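Taking it in order: structure first as structure tokens, then the write-up.
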Amino acid sequence: MTSIDFTVFKGSSSGKIVQSKTHKDSLKPDEVLLEITHAGLCGTDLHYKTSDIVLSHEGIGVVQQVGSQVTTFKQGDRAGWGYLHNSCGHCDECLSGNEIFCSERAMYGDADTDQGGFASHAIWKADFIFHIPDAISSSDAAPLMCAGATIFNAMHLYGMLPTDRVGIIGVGGLGHLAIQFAAKMGCQVVVFSGTENKKEEAMKLGASEFYATKDVEKLEIGAPIKHLFVTSSQQPDWKSYLAVLVPHAKIYPLTVSSDALTLPYMQLVTNALTLQGCICPSRGTHVKMLKFAALHGIKPIVQEFPLTQTGIEEAMEKLEKGELRYRAVLVAQTFGE
């Protein structure tokens with residue numbers, strides 16, 4: 001491959017989206033060149049919109065070229081990527097299949113900031129991109145690269161069983177996927193939302209029960225919960241929710257926040273509760289997520305926007321205002337390269 005220049009969309013100090021160019025001298029032997037067709041918008045992108053980096057880590061594209069050593073992809077394949085771009089490959093975490101925790105990991109926001117999903121093309125290591133199953137459209141695949149992967153990771157790694165009663169706080173970008181994954185895993189799914197507005201949709205997605213929590217002083221839900229997934233944009237009333245958990249229950253805060261996390265101390269201690277941190281998965285779990293979603297027909301509810309400066313800004317504005325139902329996907333236009 002000769003050198004390539006491609007269009008990218010970056011954040012800026014003012015928060016405005018800036019169209020720019022990224023230059024790559026060549027394609028390395030272990031890399032793949034993708035033409036991007038779809039890119040998801042994540043809440044994390046809002047945190048980086050004032051930074052001089054190319055935005056989006058939920059990219060889907062079509063392989064245009066492969067490096068001389070690449071045997072896992074060929075021209076024309078659909079592929080996607082998420083938060084993780086690279087790792088050392090030889091530390092304890094990498095050798096244990098936990099490369100997402102590698103101390104030398106390359107991740108969105110910190111590494112490879114000259115490229116991302118909001119672009120015409122991208123070049124990534126073949127070992128850190130994923131084949132998209134035929135049963136999943138590119139538009140549906142984009143939000144699965146981060147939102148779906150994060151939800152599945154928490155449910156897959158930390159002992160959730162089909163016999164468990166699972167609570168999900170919030171019916172939004174993460175929550176509507178969490179309902180589907182938990183239901184398809186065979187769990188009783190108890191959904192909490194501020195009002196009744198999303199009850200019908202939550203039940204169609206697979207919820208077993210739905211509770212509106214606004215102005216409710218004490219939650220009355222019958223049987224208690226074993227796993228509680230917090231997907232709301234704000235921290236919940238922890239005292240109320242801890243009261244409806246079984247002993248040894250696990251709590252998973254999954255949204256991005258810079259606020260301090262404060263929990264009722266004695267409720268946590270006397271009931272042996274676990275507060276479980278969780279981020280995007282390592283590659284093995286990511287592949288399992290895509291297979292599971294394809295097999296069980298798990299689909300994000302998306303709103304599409306053009307992958308242009310104006311389209312990105314419109315999608316971000318709707319996300320900030322809480323007007324998205326439920327994930328924004330930017331769809332490539334003609335860039336004229």
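Going through the structure tokens in order, the chains are called A, B, and so on, while each chain numbers its residues from 1 and the ligands are numbered from 1 in the order shown.
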Those of region 82-273 of chain A in DSSP helix (DSSP H, G or I), formatted as a PyMOL selection string: chain A and resi 92-95+99-101+126-128+138-157+175-184+196-205+238-242+265-270
All residues 6 Å or closer to region 218-233 of chain A, only C-alpha atoms, same chain fewer than 2 positions away omitted, as JSON, numbers by chain: {"A": [165, 166, 167, 168, 169, 170, 174, 175, 216, 244, 245, 246, 249, 250, 251, 252, 253, 254, 255]}
Hey, can you spit out that residue selection with N, CA and C atoms as a PDB file, in the first residue's frame?
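Wrote again.pdb, looks like this:
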```pdb
ATOM      1  N   ARG A 165     -32.153 -13.861  39.530  1.00  0.00           N
ATOM      2  CA  ARG A 165     -33.062 -12.716  39.374  1.00  0.00           C
ATOM      3  C   ARG A 165     -32.189 -11.471  39.235  1.00  0.00           C
ATOM      4  N   VAL A 166     -32.318 -10.798  38.107  1.00  0.00           N
ATOM      5  CA  VAL A 166     -31.396  -9.730  37.723  1.00  0.00           C
ATOM      6  C   VAL A 166     -32.126  -8.396  37.689  1.00  0.00           C
ATOM      7  N   GLY A 167     -31.525  -7.372  38.270  1.00  0.00           N
ATOM      8  CA  GLY A 167     -32.083  -6.027  38.240  1.00  0.00           C
ATOM      9  C   GLY A 167     -31.306  -5.136  37.294  1.00  0.00           C
ATOM     10  N   ILE A 168     -32.020  -4.305  36.552  1.00  0.00           N
ATOM     11  CA  ILE A 168     -31.399  -3.356  35.631  1.00  0.00           C
ATOM     12  C   ILE A 168     -31.986  -1.978  35.890  1.00  0.00           C
ATOM     13  N   ILE A 169     -31.115  -1.044  36.268  1.00  0.00           N
ATOM     14  CA  ILE A 169     -31.549   0.326  36.528  1.00  0.00           C
ATOM     15  C   ILE A 169     -31.311   1.159  35.277  1.00  0.00           C
ATOM     16  N   GLY A 170     -32.400   1.642  34.690  1.00  0.00           N
ATOM     17  CA  GLY A 170     -32.293   2.499  33.514  1.00  0.00           C
ATOM     18  C   GLY A 170     -32.613   1.761  32.229  1.00  0.00           C
ATOM     19  N   LEU A 174     -27.360   1.627  27.369  1.00  0.00           N
ATOM     20  CA  LEU A 174     -26.874   0.367  27.936  1.00  0.00           C
ATOM     21  C   LEU A 174     -28.020  -0.513  28.418  1.00  0.00           C
ATOM     22  N   GLY A 175     -28.973   0.101  29.074  1.00  0.00           N
ATOM     23  CA  GLY A 175     -30.042  -0.654  29.718  1.00  0.00           C
ATOM     24  C   GLY A 175     -30.892  -1.466  28.762  1.00  0.00           C
ATOM     25  N   VAL A 216     -40.797   7.245  44.868  1.00  0.00           N
ATOM     26  CA  VAL A 216     -41.068   6.031  45.647  1.00  0.00           C
ATOM     27  C   VAL A 216     -40.076   5.972  46.807  1.00  0.00           C
ATOM     28  N   VAL A 244     -33.074  -4.269  48.441  1.00  0.00           N
ATOM     29  CA  VAL A 244     -33.799  -5.300  47.695  1.00  0.00           C
ATOM     30  C   VAL A 244     -32.837  -6.338  47.093  1.00  0.00           C
ATOM     31  N   LEU A 245     -31.623  -6.412  47.637  1.00  0.00           N
ATOM     32  CA  LEU A 245     -30.643  -7.387  47.165  1.00  0.00           C
ATOM     33  C   LEU A 245     -30.553  -8.572  48.130  1.00  0.00           C
ATOM     34  N   VAL A 246     -30.276  -9.747  47.587  1.00  0.00           N
ATOM     35  CA  VAL A 246     -30.041 -10.911  48.432  1.00  0.00           C
ATOM     36  C   VAL A 246     -28.638 -10.804  49.025  1.00  0.00           C
ATOM     37  N   ALA A 249     -25.127 -10.577  46.939  1.00  0.00           N
ATOM     38  CA  ALA A 249     -25.457 -10.031  45.616  1.00  0.00           C
ATOM     39  C   ALA A 249     -24.298  -9.193  45.085  1.00  0.00           C
ATOM     40  N   LYS A 250     -24.306  -9.007  43.775  1.00  0.00           N
ATOM     41  CA  LYS A 250     -23.277  -8.193  43.122  1.00  0.00           C
ATOM     42  C   LYS A 250     -23.909  -6.973  42.464  1.00  0.00           C
ATOM     43  N   ILE A 251     -23.181  -5.855  42.534  1.00  0.00           N
ATOM     44  CA  ILE A 251     -23.618  -4.580  41.956  1.00  0.00           C
ATOM     45  C   ILE A 251     -22.606  -4.172  40.898  1.00  0.00           C
ATOM     46  N   TYR A 252     -23.092  -3.809  39.718  1.00  0.00           N
ATOM     47  CA  TYR A 252     -22.209  -3.466  38.597  1.00  0.00           C
ATOM     48  C   TYR A 252     -22.494  -2.031  38.137  1.00  0.00           C
ATOM     49  N   PRO A 253     -21.667  -1.060  38.531  1.00  0.00           N
ATOM     50  CA  PRO A 253     -21.833   0.299  37.988  1.00  0.00           C
ATOM     51  C   PRO A 253     -21.191   0.339  36.599  1.00  0.00           C
ATOM     52  N   LEU A 254     -21.985   0.583  35.545  1.00  0.00           N
ATOM     53  CA  LEU A 254     -21.487   0.447  34.189  1.00  0.00           C
ATOM     54  C   LEU A 254     -21.386   1.760  33.408  1.00  0.00           C
ATOM     55  N   THR A 255     -21.960   2.825  33.924  1.00  0.00           N
ATOM     56  CA  THR A 255     -21.890   4.091  33.202  1.00  0.00           C
ATOM     57  C   THR A 255     -20.640   4.871  33.592  1.00  0.00           C
TER      58      THR A 255
END
```
Residue contacts of Ala106 (chain A) (9 Å, only C-alpha atoms) excluding same-chain residues fewer than 5 positions away, as a list in words: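 Result of the neighbour search: Tyr83, Leu84, His85, Asn86, Ser87, Ile100, Ala111 and Asp112 of chain A.
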Near-region 132-134 of chain A list (7 Å; only C-alpha atoms; drop same-chain fewer than 3 positions) as a list in words: Arg78, Ala79, Gly80 and Ala294 of chain A
Spatial neighbours of region 62-64 of chain A, 12 Å, only C-alpha atoms, chain gap at least 4 places, as a ChimeraX atom specification: /A:1,27,31-38,70,72-81,120-124,126,129-132,138,332
Nearest candidate to Pro29 (chain A) (options A:Lys199, A:His90, A:Ser3, A:Gly67; using only C-alpha atoms):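 Nearest candidate to Pro29 (chain A) out of A:Lys199, A:His90, A:Ser3, A:Gly67: A:Gly67.
Considering the residues A:Ser139, A:Ser258, A:Gln65, A:Ser26 and counting only C-alpha atoms, Val331 (chain A) has its shortest atom-to-atom contact with A:Ser139.
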May I have a table of the residues of region 153-187 of chain A lying at most 9 Å from region 295-301 of chain A, giving each one's closest pair of atoms and their distance in Å to one decimal, counting only C-alpha atoms, ordered by chain and ascending residue number, as CSV?
```
residue,atom,partner,partner_atom,distance
A:Gly173,CA,A:Pro300,CA,8.2
A:His176,CA,A:Pro300,CA,7.5
A:Leu177,CA,A:Pro300,CA,6.3
A:Gln180,CA,A:Ile298,CA,6.4
A:Phe181,CA,A:Ile298,CA,7.2
A:Lys184,CA,A:His296,CA,6.8
```
Could you write out that same residue set with all heavy atoms as a PDB file, in the first residue's frame?
```
ATOM      1  N   GLY A 173     -29.227   3.628  26.556  1.00  0.00           N
ATOM      2  CA  GLY A 173     -28.263   3.066  25.624  1.00  0.00           C
ATOM      3  C   GLY A 173     -27.669   1.754  26.083  1.00  0.00           C
ATOM      4  O   GLY A 173     -27.470   0.827  25.289  1.00  0.00           O
ATOM      5  N   HIS A 176     -31.214  -0.898  27.588  1.00  0.00           N
ATOM      6  CA  HIS A 176     -32.090  -1.646  26.673  1.00  0.00           C
ATOM      7  C   HIS A 176     -31.381  -2.872  26.104  1.00  0.00           C
ATOM      8  O   HIS A 176     -32.037  -3.858  25.752  1.00  0.00           O
ATOM      9  CB  HIS A 176     -32.618  -0.727  25.560  1.00  0.00           C
ATOM     10  CG  HIS A 176     -31.759  -0.609  24.347  1.00  0.00           C
ATOM     11  ND1 HIS A 176     -30.578   0.124  24.333  1.00  0.00           N
ATOM     12  CD2 HIS A 176     -31.889  -1.129  23.094  1.00  0.00           C
ATOM     13  CE1 HIS A 176     -30.042   0.050  23.127  1.00  0.00           C
ATOM     14  NE2 HIS A 176     -30.811  -0.703  22.356  1.00  0.00           N
ATOM     15  N   LEU A 177     -30.047  -2.827  26.049  1.00  0.00           N
ATOM     16  CA  LEU A 177     -29.284  -4.016  25.644  1.00  0.00           C
ATOM     17  C   LEU A 177     -29.151  -4.994  26.809  1.00  0.00           C
ATOM     18  O   LEU A 177     -29.211  -6.216  26.618  1.00  0.00           O
ATOM     19  CB  LEU A 177     -27.907  -3.606  25.135  1.00  0.00           C
ATOM     20  CG  LEU A 177     -27.895  -2.940  23.758  1.00  0.00           C
ATOM     21  CD1 LEU A 177     -26.534  -2.302  23.482  1.00  0.00           C
ATOM     22  CD2 LEU A 177     -28.241  -3.937  22.663  1.00  0.00           C
ATOM     23  N   GLN A 180     -32.135  -7.258  27.044  1.00  0.00           N
ATOM     24  CA  GLN A 180     -32.143  -8.319  26.038  1.00  0.00           C
ATOM     25  C   GLN A 180     -31.154  -9.432  26.377  1.00  0.00           C
ATOM     26  O   GLN A 180     -31.489 -10.619  26.305  1.00  0.00           O
ATOM     27  CB  GLN A 180     -31.804  -7.729  24.667  1.00  0.00           C
ATOM     28  CG  GLN A 180     -32.854  -6.763  24.129  1.00  0.00           C
ATOM     29  CD  GLN A 180     -32.466  -6.252  22.749  1.00  0.00           C
ATOM     30  OE1 GLN A 180     -32.463  -6.990  21.771  1.00  0.00           O
ATOM     31  NE2 GLN A 180     -32.140  -4.974  22.669  1.00  0.00           N
ATOM     32  N   PHE A 181     -29.927  -9.059  26.734  1.00  0.00           N
ATOM     33  CA  PHE A 181     -28.933 -10.088  27.042  1.00  0.00           C
ATOM     34  C   PHE A 181     -29.366 -10.931  28.234  1.00  0.00           C
ATOM     35  O   PHE A 181     -29.287 -12.168  28.191  1.00  0.00           O
ATOM     36  CB  PHE A 181     -27.574  -9.437  27.317  1.00  0.00           C
ATOM     37  CG  PHE A 181     -26.758  -9.150  26.085  1.00  0.00           C
ATOM     38  CD1 PHE A 181     -26.475  -7.852  25.704  1.00  0.00           C
ATOM     39  CD2 PHE A 181     -26.263 -10.180  25.302  1.00  0.00           C
ATOM     40  CE1 PHE A 181     -25.724  -7.582  24.563  1.00  0.00           C
ATOM     41  CE2 PHE A 181     -25.505  -9.929  24.164  1.00  0.00           C
ATOM     42  CZ  PHE A 181     -25.239  -8.626  23.790  1.00  0.00           C
ATOM     43  N   LYS A 184     -32.295 -13.265  27.307  1.00  0.00           N
ATOM     44  CA  LYS A 184     -31.880 -14.381  26.442  1.00  0.00           C
ATOM     45  C   LYS A 184     -30.978 -15.363  27.173  1.00  0.00           C
ATOM     46  O   LYS A 184     -30.853 -16.516  26.766  1.00  0.00           O
ATOM     47  CB  LYS A 184     -31.175 -13.841  25.198  1.00  0.00           C
ATOM     48  CG  LYS A 184     -32.085 -13.072  24.258  1.00  0.00           C
ATOM     49  CD  LYS A 184     -33.224 -13.918  23.714  1.00  0.00           C
ATOM     50  CE  LYS A 184     -34.054 -13.161  22.700  1.00  0.00           C
ATOM     51  NZ  LYS A 184     -35.184 -13.977  22.176  1.00  0.00           N
TER      52      LYS A 184
END
```
All strand (DSSP E) positions in region 53-271 of chain A, as a PyMOL selection string: chain A and resi 58-66+78-81+84-86+106-107+121-125+130-131+165-169+188-193+209-212+225-230+245-253
Go ahead and dump the residues you just picked, C-alpha atoms, as a CSV table (one decimal), in the first residue's frame.
```
chain,number,residue,atom,x,y,z
A,58,GLU,CA,-17.6,1.7,17.8
A,59,GLY,CA,-16.5,1.3,14.2
A,60,ILE,CA,-17.7,-1.0,11.5
A,61,GLY,CA,-16.2,-1.2,8.0
A,62,VAL,CA,-15.2,-3.2,5.0
A,63,VAL,CA,-11.7,-4.5,4.6
A,64,GLN,CA,-9.9,-2.8,1.7
A,65,GLN,CA,-6.4,-4.2,2.1
A,66,VAL,CA,-4.5,-6.5,4.4
A,78,ARG,CA,-16.9,-6.8,7.3
A,79,ALA,CA,-15.1,-6.0,10.5
A,80,GLY,CA,-15.5,-3.9,13.6
A,81,TRP,CA,-13.4,-2.8,16.6
A,84,LEU,CA,-8.9,-1.9,22.8
A,85,HIS,CA,-6.4,-1.5,19.9
A,86,ASN,CA,-3.4,-3.4,21.1
A,106,ALA,CA,-3.6,0.8,23.7
A,107,MET,CA,-7.1,2.1,24.3
A,121,HIS,CA,-11.0,4.9,6.9
A,122,ALA,CA,-9.0,3.3,9.7
A,123,ILE,CA,-5.9,1.1,10.0
A,124,TRP,CA,-5.8,-1.4,12.9
A,125,LYS,CA,-3.9,-4.5,13.9
A,130,PHE,CA,-13.6,-8.7,14.8
A,131,HIS,CA,-15.5,-10.4,12.1
A,165,ARG,CA,-33.1,-12.7,39.4
A,166,VAL,CA,-31.4,-9.7,37.7
A,167,GLY,CA,-32.1,-6.0,38.2
A,168,ILE,CA,-31.4,-3.4,35.6
A,169,ILE,CA,-31.5,0.3,36.5
A,188,GLN,CA,-35.8,-13.1,35.5
A,189,VAL,CA,-35.3,-9.5,34.5
A,190,VAL,CA,-36.5,-6.8,36.9
A,191,VAL,CA,-36.3,-3.3,35.3
A,192,PHE,CA,-36.3,0.0,37.2
A,193,SER,CA,-37.0,3.4,35.5
A,209,GLU,CA,-41.2,-7.0,35.8
A,210,PHE,CA,-41.0,-3.2,35.6
A,211,TYR,CA,-41.0,-0.7,38.5
A,212,ALA,CA,-41.3,3.1,38.2
A,225,ILE,CA,-32.2,-9.5,43.3
A,226,LYS,CA,-28.9,-11.4,42.8
A,227,HIS,CA,-27.2,-9.1,40.3
A,228,LEU,CA,-27.9,-5.4,39.9
A,229,PHE,CA,-26.7,-3.6,36.8
A,230,VAL,CA,-26.6,0.2,37.0
A,245,LEU,CA,-30.6,-7.4,47.2
A,246,VAL,CA,-30.0,-10.9,48.4
A,247,PRO,CA,-27.0,-11.6,50.6
A,248,HIS,CA,-23.9,-12.0,48.5
A,249,ALA,CA,-25.5,-10.0,45.6
A,250,LYS,CA,-23.3,-8.2,43.1
A,251,ILE,CA,-23.6,-4.6,42.0
A,252,TYR,CA,-22.2,-3.5,38.6
A,253,PRO,CA,-21.8,0.3,38.0
```
Proximity of region 146-197 of chain A to region 264-288 of chain A: per-residue shortest pair, 10 Å limit, only C-alpha atoms, as CSV:
```
residue,atom,partner,partner_atom,distance
A:Cys146,CA,A:Cys280,CA,6.4
A:Ala147,CA,A:Cys280,CA,8.2
A:Gly148,CA,A:Cys280,CA,9.0
A:Ala149,CA,A:His286,CA,6.0
A:Thr150,CA,A:Cys280,CA,4.5
A:Ile151,CA,A:Cys280,CA,8.2
A:Phe152,CA,A:Thr285,CA,8.1
A:Asn153,CA,A:Pro281,CA,5.5
A:Ala154,CA,A:Cys278,CA,6.1
A:Met155,CA,A:Cys278,CA,9.8
A:His156,CA,A:Thr285,CA,7.9
A:Leu157,CA,A:Thr285,CA,8.6
A:Tyr158,CA,A:Gln276,CA,8.4
```
Pairwise distance for CA of Cys102 (chain A) and CA of Ala142 (chain A), rounded to one decimal in Å: 24.3 Å
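For the choices A:Asp140, A:Asp215, A:Asp110, A:Asp259, the atom-to-atom distance to Ala293 (chain A) is smallest for A:Asp140 when using only C-alpha atoms.
Counting only C-alpha atoms and comparing A:Gln115, A:Thr213, A:Gln69, A:Thr44, the residue that lies closest to Val8 (chain A) is A:Gln115.
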Can you pull out every residue within 10 Å of Cys88 (chain A), counting only C-alpha atoms, but drop anything in the same chain fewer than 6 positions away, and send it as a PDB file with all heavy atoms, in the first residue's frame?
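The result, written out as part26.pdb:
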```
ATOM      1  N   CYS A  94      -2.256 -10.577  29.659  1.00  0.00           N
ATOM      2  CA  CYS A  94      -2.392 -10.992  28.254  1.00  0.00           C
ATOM      3  C   CYS A  94      -2.379 -12.507  28.119  1.00  0.00           C
ATOM      4  O   CYS A  94      -3.199 -13.090  27.395  1.00  0.00           O
ATOM      5  CB  CYS A  94      -1.275 -10.383  27.412  1.00  0.00           C
ATOM      6  SG  CYS A  94      -1.452  -8.605  27.088  1.00  0.00           S
ATOM      7  N   LEU A  95      -1.452 -13.168  28.819  1.00  0.00           N
ATOM      8  CA  LEU A  95      -1.335 -14.623  28.714  1.00  0.00           C
ATOM      9  C   LEU A  95      -2.512 -15.341  29.361  1.00  0.00           C
ATOM     10  O   LEU A  95      -2.730 -16.521  29.115  1.00  0.00           O
ATOM     11  CB  LEU A  95      -0.017 -15.089  29.331  1.00  0.00           C
ATOM     12  CG  LEU A  95       1.251 -14.621  28.594  1.00  0.00           C
ATOM     13  CD1 LEU A  95       2.498 -15.056  29.361  1.00  0.00           C
ATOM     14  CD2 LEU A  95       1.289 -15.152  27.166  1.00  0.00           C
ATOM     15  N   GLU A  99      -6.340  -9.310  28.277  1.00  0.00           N
ATOM     16  CA  GLU A  99      -5.492  -8.242  27.744  1.00  0.00           C
ATOM     17  C   GLU A  99      -6.090  -6.852  27.900  1.00  0.00           C
ATOM     18  O   GLU A  99      -5.376  -5.857  27.786  1.00  0.00           O
ATOM     19  CB  GLU A  99      -5.169  -8.505  26.270  1.00  0.00           C
ATOM     20  CG  GLU A  99      -6.345  -8.503  25.320  1.00  0.00           C
ATOM     21  CD  GLU A  99      -7.018  -9.863  25.186  1.00  0.00           C
ATOM     22  OE1 GLU A  99      -6.689 -10.782  25.963  1.00  0.00           O
ATOM     23  OE2 GLU A  99      -7.883  -9.993  24.303  1.00  0.00           O
ATOM     24  N   CYS A 102      -4.021  -5.202  30.415  1.00  0.00           N
ATOM     25  CA  CYS A 102      -2.580  -5.100  30.167  1.00  0.00           C
ATOM     26  C   CYS A 102      -2.084  -3.706  30.526  1.00  0.00           C
ATOM     27  O   CYS A 102      -2.704  -2.698  30.166  1.00  0.00           O
ATOM     28  CB  CYS A 102      -2.296  -5.399  28.689  1.00  0.00           C
ATOM     29  SG  CYS A 102      -0.594  -5.112  28.172  1.00  0.00           S
ATOM     30  N   SER A 103      -0.948  -3.625  31.226  1.00  0.00           N
ATOM     31  CA  SER A 103      -0.411  -2.319  31.626  1.00  0.00           C
ATOM     32  C   SER A 103       0.078  -1.501  30.436  1.00  0.00           C
ATOM     33  O   SER A 103       0.236  -0.291  30.532  1.00  0.00           O
ATOM     34  CB  SER A 103       0.725  -2.503  32.632  1.00  0.00           C
ATOM     35  OG  SER A 103       1.793  -3.241  32.047  1.00  0.00           O
ATOM     36  N   GLU A 104       0.295  -2.176  29.295  1.00  0.00           N
ATOM     37  CA  GLU A 104       0.732  -1.486  28.092  1.00  0.00           C
ATOM     38  C   GLU A 104      -0.376  -1.416  27.034  1.00  0.00           C
ATOM     39  O   GLU A 104      -0.113  -1.168  25.857  1.00  0.00           O
ATOM     40  CB  GLU A 104       1.959  -2.193  27.505  1.00  0.00           C
ATOM     41  CG  GLU A 104       3.161  -2.220  28.430  1.00  0.00           C
ATOM     42  CD  GLU A 104       4.336  -2.982  27.838  1.00  0.00           C
ATOM     43  OE1 GLU A 104       4.479  -2.985  26.591  1.00  0.00           O
ATOM     44  OE2 GLU A 104       5.101  -3.579  28.613  1.00  0.00           O
ATOM     45  N   ARG A 105      -1.602  -1.603  27.465  1.00  0.00           N
ATOM     46  CA  ARG A 105      -2.720  -1.623  26.524  1.00  0.00           C
ATOM     47  C   ARG A 105      -2.848  -0.294  25.778  1.00  0.00           C
ATOM     48  O   ARG A 105      -2.548   0.773  26.316  1.00  0.00           O
ATOM     49  CB  ARG A 105      -4.021  -1.916  27.271  1.00  0.00           C
ATOM     50  CG  ARG A 105      -4.405  -0.827  28.260  1.00  0.00           C
ATOM     51  CD  ARG A 105      -5.552  -1.251  29.162  1.00  0.00           C
ATOM     52  NE  ARG A 105      -5.881  -0.184  30.106  1.00  0.00           N
ATOM     53  CZ  ARG A 105      -6.760  -0.304  31.100  1.00  0.00           C
ATOM     54  NH1 ARG A 105      -7.389  -1.454  31.282  1.00  0.00           N
ATOM     55  NH2 ARG A 105      -7.012   0.722  31.910  1.00  0.00           N
ATOM     56  N   ALA A 106      -3.299  -0.390  24.530  1.00  0.00           N
ATOM     57  CA  ALA A 106      -3.602   0.800  23.732  1.00  0.00           C
ATOM     58  C   ALA A 106      -5.112   0.897  23.636  1.00  0.00           C
ATOM     59  O   ALA A 106      -5.769   0.021  23.064  1.00  0.00           O
ATOM     60  CB  ALA A 106      -2.968   0.678  22.348  1.00  0.00           C
TER      61      ALA A 106
END
```
